[in-house]
file run_29.cif (mmCIF, C-alpha atoms)
data_data
loop_
_atom_site.label_atom_id
_atom_site.label_comp_id
_atom_site.auth_asym_id
_atom_site.auth_seq_id
_atom_site.Cartn_x
_atom_site.Cartn_y
_atom_site.Cartn_z
CA MET A 1 -16.55 109.23 -28.35
CA SER A 2 -13.83 109.49 -25.73
CA LYS A 3 -15.30 106.87 -23.34
CA GLN A 4 -12.97 104.19 -24.70
CA TYR A 5 -10.01 106.18 -23.34
CA GLU A 6 -11.29 106.39 -19.74
CA ALA A 7 -8.92 103.69 -18.46
CA LEU A 8 -5.88 105.18 -20.23
CA ALA A 9 -6.67 108.67 -18.93
CA TRP A 10 -7.08 107.36 -15.37
CA GLU A 11 -3.76 105.49 -15.54
CA ILE A 12 -1.92 108.56 -16.85
CA VAL A 13 -3.35 110.87 -14.19
CA GLN A 14 -2.49 108.43 -11.39
CA LYS A 15 1.04 107.84 -12.68
CA VAL A 16 1.86 111.55 -12.95
CA GLY A 17 1.15 111.85 -9.23
CA GLY A 18 -2.62 112.19 -9.12
CA PRO A 19 -4.89 115.18 -9.77
CA GLU A 20 -3.36 117.10 -6.87
CA ASN A 21 0.07 117.01 -8.56
CA ILE A 22 -1.27 118.56 -11.81
CA SER A 23 -1.22 122.37 -11.75
CA ALA A 24 -2.23 122.69 -15.43
CA ALA A 25 -3.05 120.37 -18.32
CA ARG A 26 -3.62 120.90 -22.04
CA HIS A 27 -2.93 119.16 -25.32
CA CYS A 28 -1.50 119.88 -28.75
CA GLN A 29 -1.88 117.83 -31.93
CA THR A 30 -0.34 114.64 -30.51
CA ARG A 31 0.60 115.20 -26.87
CA LEU A 32 -0.84 115.67 -23.44
CA ARG A 33 1.11 118.45 -21.73
CA PHE A 34 1.15 118.66 -17.93
CA ASN A 35 2.56 121.26 -15.58
CA LEU A 36 3.37 119.24 -12.47
CA ALA A 37 3.89 120.53 -8.95
CA ASP A 38 6.49 117.82 -8.30
CA HIS A 39 8.10 116.02 -11.25
CA THR A 40 9.65 113.38 -8.97
CA LYS A 41 6.17 111.95 -8.27
CA ALA A 42 5.65 111.09 -11.95
CA ASP A 43 6.31 107.50 -13.01
CA LYS A 44 7.87 108.22 -16.39
CA GLU A 45 8.69 104.58 -17.21
CA GLY A 46 5.27 103.37 -16.08
CA ILE A 47 3.48 105.88 -18.30
CA GLY A 48 5.72 105.06 -21.26
CA ALA A 49 4.81 101.38 -20.89
CA LEU A 50 1.04 102.02 -21.08
CA ASP A 51 -0.81 100.70 -24.10
CA GLY A 52 -1.73 103.81 -26.08
CA VAL A 53 1.28 105.90 -25.05
CA ALA A 54 4.04 106.27 -27.63
CA GLN A 55 6.59 108.23 -25.63
CA VAL A 56 7.13 110.45 -22.59
CA VAL A 57 9.16 113.67 -22.89
CA GLU A 58 10.13 116.19 -20.21
CA SER A 59 11.03 119.58 -21.65
CA GLY A 60 10.39 123.27 -21.11
CA GLY A 61 9.12 122.60 -17.60
CA MET A 62 6.35 120.39 -19.00
CA PHE A 63 5.69 116.69 -18.66
CA GLN A 64 4.60 115.57 -22.14
CA VAL A 65 2.83 112.30 -22.92
CA VAL A 66 2.84 111.47 -26.63
CA ILE A 67 -0.51 109.88 -27.54
CA GLY A 68 -1.11 110.41 -31.25
CA MET A 69 -3.85 112.03 -33.30
CA HIS A 70 -6.57 110.86 -30.87
CA VAL A 71 -5.03 112.92 -28.04
CA LYS A 72 -8.12 115.16 -27.89
CA ASP A 73 -10.28 112.19 -26.88
CA VAL A 74 -7.82 111.18 -24.16
CA TYR A 75 -7.61 114.76 -22.93
CA GLU A 76 -11.40 114.94 -22.56
CA GLU A 77 -11.23 112.02 -20.13
CA VAL A 78 -8.20 113.46 -18.32
CA GLU A 79 -10.05 116.75 -17.85
CA LYS A 80 -12.91 114.96 -16.09
CA LEU A 81 -10.46 113.64 -13.50
CA LEU A 82 -9.06 117.07 -12.64
CA PRO A 83 -10.68 119.45 -10.15
CA ALA A 84 -12.68 122.23 -11.81
CA ALA A 85 -10.58 125.37 -12.12
CA SER A 86 -12.06 128.82 -11.76
CA ASP A 87 -10.87 131.61 -14.00
CA ASN A 88 -10.27 133.65 -10.83
CA ALA A 89 -8.58 130.86 -8.90
CA PRO A 90 -5.23 131.72 -7.32
CA ALA A 91 -2.22 130.74 -9.37
CA ALA A 92 -0.41 127.53 -8.55
CA PRO A 93 3.08 127.83 -7.01
CA ALA A 94 5.44 129.02 -9.71
CA GLU A 95 7.67 126.33 -11.07
CA LYS A 96 11.31 127.23 -11.47
CA MET A 97 11.95 127.52 -15.20
CA SER A 98 14.48 129.32 -17.30
CA LEU A 99 13.49 132.56 -19.02
CA ILE A 100 13.34 130.82 -22.41
CA ASN A 101 11.09 128.08 -21.04
CA ARG A 102 8.82 130.67 -19.42
CA ILE A 103 8.46 132.52 -22.71
CA ILE A 104 7.74 129.29 -24.61
CA ASP A 105 5.19 128.23 -21.99
CA PHE A 106 3.44 131.63 -22.15
CA VAL A 107 3.34 131.72 -25.96
CA SER A 108 2.10 128.14 -26.09
CA SER A 109 -0.67 128.81 -23.57
CA VAL A 110 -1.85 131.93 -25.41
CA PHE A 111 -1.77 130.71 -29.01
CA GLN A 112 -2.39 126.96 -28.85
CA PRO A 113 -6.11 127.16 -27.91
CA ILE A 114 -6.93 129.39 -30.90
CA ILE A 115 -5.24 127.14 -33.49
CA PRO A 116 -8.53 125.36 -34.42
CA ALA A 117 -10.18 128.72 -35.19
CA LEU A 118 -7.20 129.87 -37.28
CA SER A 119 -7.11 126.55 -39.12
CA GLY A 120 -10.84 126.63 -39.80
CA ALA A 121 -10.70 130.21 -41.08
CA GLY A 122 -7.74 129.37 -43.30
CA MET A 123 -9.54 126.39 -44.80
CA VAL A 124 -12.63 128.51 -45.54
CA LYS A 125 -10.31 130.92 -47.38
CA ALA A 126 -8.84 128.00 -49.33
CA LEU A 127 -12.32 126.70 -50.21
CA LEU A 128 -13.33 130.17 -51.37
CA ALA A 129 -10.24 130.40 -53.58
CA LEU A 130 -11.13 127.07 -55.20
CA LEU A 131 -14.73 128.13 -55.79
CA VAL A 132 -13.52 131.29 -57.53
CA THR A 133 -10.81 129.44 -59.51
CA PHE A 134 -13.35 126.96 -60.92
CA ASN A 135 -15.85 129.75 -61.62
CA LEU A 136 -18.39 128.32 -59.18
CA VAL A 137 -18.61 131.62 -57.31
CA SER A 138 -18.01 135.13 -58.61
CA ASP A 139 -15.73 137.33 -56.54
CA GLU A 140 -18.32 140.09 -56.96
CA SER A 141 -21.27 138.07 -55.68
CA GLN A 142 -22.99 138.21 -52.30
CA THR A 143 -22.01 134.59 -51.71
CA TYR A 144 -18.33 135.49 -52.04
CA TYR A 145 -18.83 138.44 -49.69
CA ILE A 146 -20.53 136.27 -47.06
CA LEU A 147 -18.09 133.35 -47.29
CA ASN A 148 -15.19 135.76 -47.03
CA SER A 149 -16.69 137.13 -43.82
CA PHE A 150 -16.92 133.56 -42.46
CA ALA A 151 -13.13 133.35 -42.74
CA ASP A 152 -12.25 136.94 -41.89
CA GLY A 153 -14.32 136.96 -38.71
CA THR A 154 -11.68 134.99 -36.84
CA PHE A 155 -8.84 137.26 -37.94
CA ALA A 156 -10.78 140.50 -37.52
CA PHE A 157 -11.71 139.64 -33.94
CA LEU A 158 -8.47 137.84 -33.13
CA PRO A 159 -7.84 140.25 -30.20
CA MET A 160 -11.00 138.94 -28.54
CA LEU A 161 -9.74 135.34 -28.74
CA LEU A 162 -6.28 136.34 -27.52
CA ALA A 163 -7.80 138.31 -24.65
CA TYR A 164 -9.50 135.11 -23.48
CA THR A 165 -6.42 132.89 -23.70
CA THR A 166 -4.05 135.49 -22.24
CA ALA A 167 -6.39 136.13 -19.30
CA ARG A 168 -6.59 132.40 -18.60
CA LYS A 169 -2.82 132.18 -18.59
CA MET A 170 -2.48 135.23 -16.34
CA LYS A 171 -5.20 133.89 -13.98
CA SER A 172 -7.36 136.99 -14.39
CA ASN A 173 -11.04 137.40 -15.21
CA VAL A 174 -11.54 136.31 -18.83
CA ILE A 175 -14.87 138.13 -19.19
CA LEU A 176 -13.31 141.44 -18.14
CA ALA A 177 -10.41 140.77 -20.51
CA MET A 178 -12.79 140.22 -23.42
CA GLY A 179 -14.65 143.36 -22.38
CA VAL A 180 -11.44 145.38 -22.66
CA ALA A 181 -10.81 143.82 -26.08
CA GLY A 182 -14.32 144.96 -27.02
CA ILE A 183 -13.36 148.53 -26.09
CA MET A 184 -10.43 148.37 -28.51
CA LEU A 185 -12.56 146.88 -31.30
CA HIS A 186 -15.64 149.09 -30.89
CA SER A 187 -17.00 150.70 -34.04
CA ASN A 188 -17.01 154.16 -32.35
CA TRP A 189 -13.25 154.02 -32.06
CA GLY A 190 -12.99 152.86 -35.66
CA ALA A 191 -15.06 155.88 -36.71
CA LEU A 192 -12.73 158.25 -34.83
CA VAL A 193 -9.70 156.67 -36.51
CA ALA A 194 -11.37 156.93 -39.92
CA ALA A 195 -12.11 160.62 -39.31
CA GLY A 196 -8.39 161.20 -38.82
CA GLU A 197 -8.76 164.05 -36.33
CA PRO A 198 -6.60 164.08 -33.15
CA VAL A 199 -8.33 162.48 -30.16
CA HIS A 200 -7.67 163.72 -26.61
CA PHE A 201 -9.38 161.99 -23.69
CA PHE A 202 -10.80 164.67 -21.34
CA GLY A 203 -8.98 167.11 -23.60
CA VAL A 204 -5.62 166.05 -22.13
CA ILE A 205 -4.64 162.42 -22.79
CA PRO A 206 -3.79 161.80 -26.47
CA PHE A 207 -5.10 158.60 -28.03
CA TYR A 208 -3.06 157.14 -30.89
CA LEU A 209 -5.16 156.78 -34.04
CA THR A 210 -4.94 153.15 -35.07
CA THR A 211 -7.41 150.29 -35.29
CA TYR A 212 -6.81 147.04 -33.42
CA MET A 213 -8.74 144.57 -35.55
CA SER A 214 -6.58 141.59 -36.59
CA THR A 215 -3.75 142.69 -34.29
CA VAL A 216 -1.90 140.36 -31.93
CA ILE A 217 0.64 142.08 -29.72
CA PRO A 218 -1.42 145.09 -28.46
CA ILE A 219 -4.10 142.98 -26.77
CA ILE A 220 -1.53 140.63 -25.20
CA LEU A 221 0.32 143.60 -23.66
CA VAL A 222 -2.97 145.07 -22.46
CA ILE A 223 -4.19 141.88 -20.77
CA ILE A 224 -0.83 141.23 -19.11
CA VAL A 225 -1.00 144.68 -17.49
CA GLN A 226 -4.71 144.24 -16.74
CA SER A 227 -4.01 141.10 -14.72
CA PHE A 228 -1.89 143.11 -12.27
CA ILE A 229 -4.28 146.08 -12.18
CA GLU A 230 -7.22 143.75 -11.57
CA ARG A 231 -5.50 142.01 -8.64
CA TRP A 232 -4.53 145.36 -7.14
CA LEU A 233 -8.10 146.65 -7.40
CA ASP A 234 -9.45 143.43 -5.94
CA ARG A 235 -7.12 143.87 -2.97
CA ILE A 236 -7.89 147.51 -2.15
CA ILE A 237 -11.63 147.70 -2.88
CA PRO A 238 -13.91 146.45 -0.06
CA LYS A 239 -15.47 143.06 -0.75
CA SER A 240 -18.98 144.45 -0.25
CA VAL A 241 -18.71 146.57 -3.41
CA ASN A 242 -16.02 144.53 -5.17
CA LEU A 243 -18.36 143.05 -7.77
CA VAL A 244 -19.33 146.49 -9.09
CA PHE A 245 -16.28 148.70 -8.70
CA VAL A 246 -13.49 146.31 -9.74
CA PRO A 247 -14.97 145.89 -13.25
CA MET A 248 -15.76 149.61 -13.49
CA PHE A 249 -12.26 150.79 -12.61
CA THR A 250 -10.74 148.00 -14.70
CA PHE A 251 -12.54 149.27 -17.80
CA LEU A 252 -11.71 152.91 -17.04
CA ILE A 253 -8.03 152.29 -16.32
CA MET A 254 -7.36 149.68 -18.99
CA GLY A 255 -9.42 151.48 -21.64
CA THR A 256 -7.29 154.59 -21.10
CA LEU A 257 -3.98 152.70 -20.99
CA ALA A 258 -4.92 150.58 -24.02
CA MET A 259 -5.68 153.56 -26.24
CA SER A 260 -2.91 155.87 -25.03
CA VAL A 261 0.12 153.70 -24.19
CA LEU A 262 -0.13 149.92 -24.44
CA GLY A 263 -2.06 149.67 -27.69
CA PRO A 264 0.24 152.06 -29.57
CA LEU A 265 3.32 150.35 -28.11
CA GLY A 266 2.06 146.96 -29.23
CA ASN A 267 1.19 148.42 -32.61
CA TYR A 268 4.74 149.72 -33.06
CA ILE A 269 6.14 146.30 -32.17
CA GLY A 270 3.71 144.64 -34.59
CA GLU A 271 4.68 147.05 -37.36
CA GLY A 272 8.34 146.30 -36.69
CA LEU A 273 7.69 142.57 -37.01
CA ALA A 274 5.73 143.19 -40.21
CA VAL A 275 8.76 144.99 -41.66
CA VAL A 276 10.97 142.03 -40.76
CA PHE A 277 8.47 139.57 -42.27
CA THR A 278 8.22 141.62 -45.44
CA TRP A 279 12.00 141.87 -45.75
CA LEU A 280 12.39 138.11 -45.30
CA SER A 281 9.65 137.38 -47.83
CA THR A 282 11.33 139.67 -50.39
CA ASN A 283 15.04 139.10 -49.80
CA ALA A 284 15.46 135.73 -48.08
CA SER A 285 12.17 133.88 -48.40
CA TRP A 286 13.99 130.54 -48.32
CA ALA A 287 15.59 131.16 -44.90
CA PRO A 288 12.61 130.63 -42.51
CA ALA A 289 11.37 127.62 -44.48
CA VAL A 290 14.79 125.94 -44.55
CA LEU A 291 15.75 126.66 -40.94
CA ILE A 292 12.37 125.92 -39.36
CA GLY A 293 11.62 123.00 -41.68
CA GLY A 294 15.01 121.41 -40.98
CA LEU A 295 14.73 121.79 -37.22
CA LEU A 296 10.98 121.24 -36.84
CA PRO A 297 11.14 117.57 -35.74
CA VAL A 298 13.58 118.47 -32.97
CA MET A 299 11.56 121.54 -31.96
CA VAL A 300 8.35 119.49 -31.74
CA MET A 301 10.10 116.89 -29.60
CA PHE A 302 11.02 119.54 -27.03
CA GLY A 303 7.95 121.73 -27.46
CA LEU A 304 9.97 124.63 -28.88
CA HIS A 305 7.73 124.93 -31.95
CA HIS A 306 5.16 126.72 -29.80
CA GLY A 307 7.51 129.68 -29.67
CA ILE A 308 7.77 129.80 -33.49
CA ALA A 309 4.30 128.92 -34.72
CA PRO A 310 2.71 132.20 -33.47
CA LEU A 311 4.99 134.11 -35.85
CA GLY A 312 2.91 132.65 -38.66
CA SER A 313 -0.29 133.77 -36.93
CA MET A 314 1.08 137.30 -36.50
CA GLN A 315 2.13 137.45 -40.14
CA MET A 316 -1.24 136.10 -41.26
CA ALA A 317 -3.03 138.76 -39.22
CA SER A 318 -0.85 141.65 -40.40
CA LEU A 319 -0.04 140.71 -44.01
CA GLY A 320 -2.70 138.14 -44.94
CA TYR A 321 -0.30 135.24 -45.54
CA ASP A 322 2.18 133.06 -43.65
CA SER A 323 5.66 132.53 -45.09
CA ILE A 324 7.34 131.84 -41.75
CA PHE A 325 5.92 128.69 -40.15
CA GLY A 326 3.26 127.22 -42.46
CA ARG A 327 5.60 126.88 -45.43
CA ALA A 328 8.30 125.25 -43.30
CA ALA A 329 5.89 122.82 -41.63
CA SER A 330 4.61 121.63 -45.03
CA ALA A 331 8.06 120.95 -46.55
CA PRO A 332 7.98 117.80 -48.76
CA THR A 333 10.26 114.82 -48.24
CA SER A 334 11.29 113.54 -51.68
CA ARG A 335 14.45 115.01 -53.22
CA ARG A 336 12.71 116.18 -56.43
CA ALA A 337 9.78 117.66 -54.52
CA ARG A 338 12.16 119.44 -52.12
CA ARG A 339 13.97 120.98 -55.08
CA ARG A 340 10.73 122.31 -56.59
CA TRP A 341 9.64 123.50 -53.15
CA LEU A 342 12.91 125.39 -52.62
CA TRP A 343 12.56 127.11 -55.97
CA ARG A 344 9.12 128.33 -54.93
CA CYS A 345 10.45 129.49 -51.55
CA ALA A 346 13.33 131.43 -53.10
CA PRO A 347 12.24 132.79 -56.46
CA ALA A 348 14.94 135.48 -56.42
CA THR A 349 17.80 133.07 -55.66
CA PRO A 350 20.07 132.10 -58.59
CA ARG A 351 19.46 128.58 -59.89
CA SER A 352 23.02 127.45 -59.19
CA ALA A 353 22.78 128.57 -55.56
CA ARG A 354 19.46 126.75 -55.11
CA LEU A 355 20.83 123.49 -56.44
CA ARG A 356 23.80 123.63 -54.13
CA HIS A 357 21.57 124.01 -51.08
CA PRO A 358 21.74 120.98 -48.71
CA LEU A 359 18.00 120.33 -49.02
CA ALA A 360 17.95 120.53 -52.81
#
call {"tool": "encode", "arguments": {"input": "run_29.cif", "output": "structure tokens"}}
result
Amino acid sequence: MSKQYEALAWEIVQKVGGPENISAARHCQTRLRFNLADHTKADKEGIGALDGVAQVVESGGMFQVVIGMHVKDVYEEVEKLLPAASDNAPAAPAEKMSLINRIIDFVSSVFQPIIPALSGAGMVKALLALLVTFNLVSDESQTYYILNSFADGTFAFLPMLLAYTTARKMKSNVILAMGVAGIMLHSNWGALVAAGEPVHFFGVIPFYLTTYMSTVIPIILVIIVQSFIERWLDRIIPKSVNLVFVPMFTFLIMGTLAMSVLGPLGNYIGEGLAVVFTWLSTNASWAPAVLIGGLLPVMVMFGLHHGIAPLGSMQMASLGYDSIFGRAASAPTSRRARRRWLWRCAPATPRSARLRHPLA
């Protein structure tokens, strides 16, 4: 229960300047993360002195309060103190941030909410692997088939989850965004792709034959563009028929753009990243683990890890495994364990080179 954290949540909200000073709030594994309208109103020292707060960090345009592993319970109480936000509410005044901080903030907002689903699906996969290893389940049985679908469902329909989080970040209608994702994932489109015959919308507009299940970048590009199209439609269509015609034209316009331009563009970018991931895994598999693992504590402190962690999600969706972030985040601490870990990360590296590595 989160009731025991009511007092702490109230103190934090008051000391960051009150609910009216909070334009957005969320949490990660250990921290409350606030976007504040005015950072000068926040009592950084006062919050740091609260019982239950480990540290206060300002980075990437965010005011971060380090709580610990029970941050979710504190966040639940903080959320009750904030005014209810509508998915179609106007965006708060833009805070001046550098381009890098804007990118990190966007990536964090899009990917962080889906981490529980990705973690849960990954653990189901791990459980299934153990059941097969110990001969408790046959990989040809119906049970294996069903359990595998429990895990693959998240990855197969990942665009639907990303449509929701991207739309929330872009302050557009999340239901319409998920509807557009449904267009891209519909079985009719999958059947056309499987048939392999050229598809021309109205006999003129060519649609690129590719499926969008388990993809990441196409749906993000689509929803970013949709947010602007949706606002434009909302502005030009009379309010009396707005409820009907804005969704209709949104689906028509975005469905066409998604299948003809944005989806294929995102697919090309995703394929390019997959090539990079594959090259790293084959030729320099130690590099991401060493660099990210060595810098991870610093990146977490400043919130920069949110710009790196999604690379693992993209690789997991496209290749079925993560050798970018997950391996680095699980690096062991003892010298002997690090040496064994490095050998596993760089199987093609000569033994002498591995032993000379700083982490070995």
call {"tool": "atom_distance", "arguments": {"input": "run_29.cif", "atom1": "CA of Tyr268 in chain A", "atom2": "CA of Val193 in chain A"}}
result
16.4 Å
call {"tool": "residues_near_point", "arguments": {"input": "run_29.cif", "point": "(-0.5, 113.4, -6.0)", "cutoff": "12 Å", "atoms": "all atoms listed in the file", "output": "ChimeraX atom specification"}}
result
/A:12-23,36-43,82
call {"tool": "write_last_selection", "arguments": {"input": "run_29.cif", "atoms": "C-alpha atoms", "output": "compact mmCIF listing (two decimals), in the frame of the given file"}}
result
# COMPACT_ATOMS: atom_id res chain seq x y z
CA ILE A 12 -1.92 108.56 -16.85
CA VAL A 13 -3.35 110.87 -14.19
CA GLN A 14 -2.49 108.43 -11.39
CA LYS A 15 1.04 107.84 -12.68
CA VAL A 16 1.86 111.55 -12.95
CA GLY A 17 1.15 111.85 -9.23
CA GLY A 18 -2.62 112.19 -9.12
CA PRO A 19 -4.89 115.18 -9.77
CA GLU A 20 -3.36 117.10 -6.87
CA ASN A 21 0.07 117.01 -8.56
CA ILE A 22 -1.27 118.56 -11.81
CA SER A 23 -1.22 122.37 -11.75
CA LEU A 36 3.37 119.24 -12.47
CA ALA A 37 3.89 120.53 -8.95
CA ASP A 38 6.49 117.82 -8.30
CA HIS A 39 8.10 116.02 -11.25
CA THR A 40 9.65 113.38 -8.97
CA LYS A 41 6.17 111.95 -8.27
CA ALA A 42 5.65 111.09 -11.95
CA ASP A 43 6.31 107.50 -13.01
CA LEU A 82 -9.06 117.07 -12.64
call {"tool": "resolve_selection", "arguments": {"input": "run_29.cif", "expression": "the PyMOL selection byres ((chain A and resi 214-229) around 9)", "output": "PyMOL selection string"}}
result
chain A and resi 110+154-160+162-163+166-167+170-173+177+180-181+184+211-213+230-234+250+253-254+257-258+262-270+313-314+316-318
call {"tool": "residues_around", "arguments": {"input": "run_29.cif", "residues": "Leu127 in chain A", "least_positions_apart": "5", "cutoff": "12 Å", "atoms": "all atoms listed in the file", "output": "list in words"}}
result
Gly120, Ala121, Gly122, Val132, Thr133, Phe134, Leu136, Val137, Tyr144, Leu147, Asn148, Phe150 and Ala151 of chain A
call {"tool": "write_last_selection", "arguments": {"input": "run_29.cif", "atoms": "C-alpha atoms", "output": "compact mmCIF listing (two decimals), keeping the file's coordinate frame"}}
result
# COMPACT_ATOMS: atom_id res chain seq x y z
CA GLY A 120 -10.84 126.63 -39.80
CA ALA A 121 -10.70 130.21 -41.08
CA GLY A 122 -7.74 129.37 -43.30
CA VAL A 132 -13.52 131.29 -57.53
CA THR A 133 -10.81 129.44 -59.51
CA PHE A 134 -13.35 126.96 -60.92
CA LEU A 136 -18.39 128.32 -59.18
CA VAL A 137 -18.61 131.62 -57.31
CA TYR A 144 -18.33 135.49 -52.04
CA LEU A 147 -18.09 133.35 -47.29
CA ASN A 148 -15.19 135.76 -47.03
CA PHE A 150 -16.92 133.56 -42.46
CA ALA A 151 -13.13 133.35 -42.74
call {"tool": "atom_distance", "arguments": {"input": "run_29.cif", "atom1": "CA of Asn101 in chain A", "atom2": "CA of Ile67 in chain A"}}
result
22.5 Å
call {"tool": "resolve_selection", "arguments": {"input": "run_29.cif", "expression": "the PyMOL selection byres ((chain A and resi 201) around 12)", "output": "ChimeraX atom specification"}}
result
/A:198-200,202-208,252,255-257,259-260
call {"tool": "atom_distance", "arguments": {"input": "run_29.cif", "atom1": "CA of Ala129 in chain A", "atom2": "CA of Ser187 in chain A"}}
result
29.0 Å
call {"tool": "resolve_selection", "arguments": {"input": "run_29.cif", "expression": "the PyMOL selection byres ((chain A and resi 113) around 10)", "output": "VMD selection string"}}
result
chain A and resid 26 to 28 108 to 112 114 to 118 161 to 162 164 to 165
call {"tool": "residues_around", "arguments": {"input": "run_29.cif", "residues": "Val66 in chain A", "least_positions_apart": "3", "cutoff": "9 Å", "atoms": "all atoms listed in the file", "output": "mmCIF file with C-alpha atoms, keeping the file's coordinate frame"}}
result
data_model
loop_
_atom_site.group_PDB
_atom_site.id
_atom_site.type_symbol
_atom_site.label_atom_id
_atom_site.label_comp_id
_atom_site.auth_asym_id
_atom_site.auth_seq_id
_atom_site.Cartn_x
_atom_site.Cartn_y
_atom_site.Cartn_z
ATOM 1 C CA THR A 30 -0.340 114.640 -30.510
ATOM 2 C CA ARG A 31 0.600 115.200 -26.870
ATOM 3 C CA LEU A 32 -0.840 115.670 -23.440
ATOM 4 C CA ARG A 33 1.110 118.450 -21.730
ATOM 5 C CA GLY A 48 5.720 105.060 -21.260
ATOM 6 C CA GLY A 52 -1.730 103.810 -26.080
ATOM 7 C CA VAL A 53 1.280 105.900 -25.050
ATOM 8 C CA ALA A 54 4.040 106.270 -27.630
ATOM 9 C CA GLN A 55 6.590 108.230 -25.630
ATOM 10 C CA VAL A 56 7.130 110.450 -22.590
ATOM 11 C CA VAL A 57 9.160 113.670 -22.890
ATOM 12 C CA VAL A 71 -5.030 112.920 -28.040
#
call {"tool": "closest_residue", "arguments": {"input": "run_29.cif", "among": "A:Ile100, A:Leu131, A:Ala9, A:Val261", "to": "Asp73 in chain A", "atoms": "all atoms listed in the file"}}
result
A:Ala9
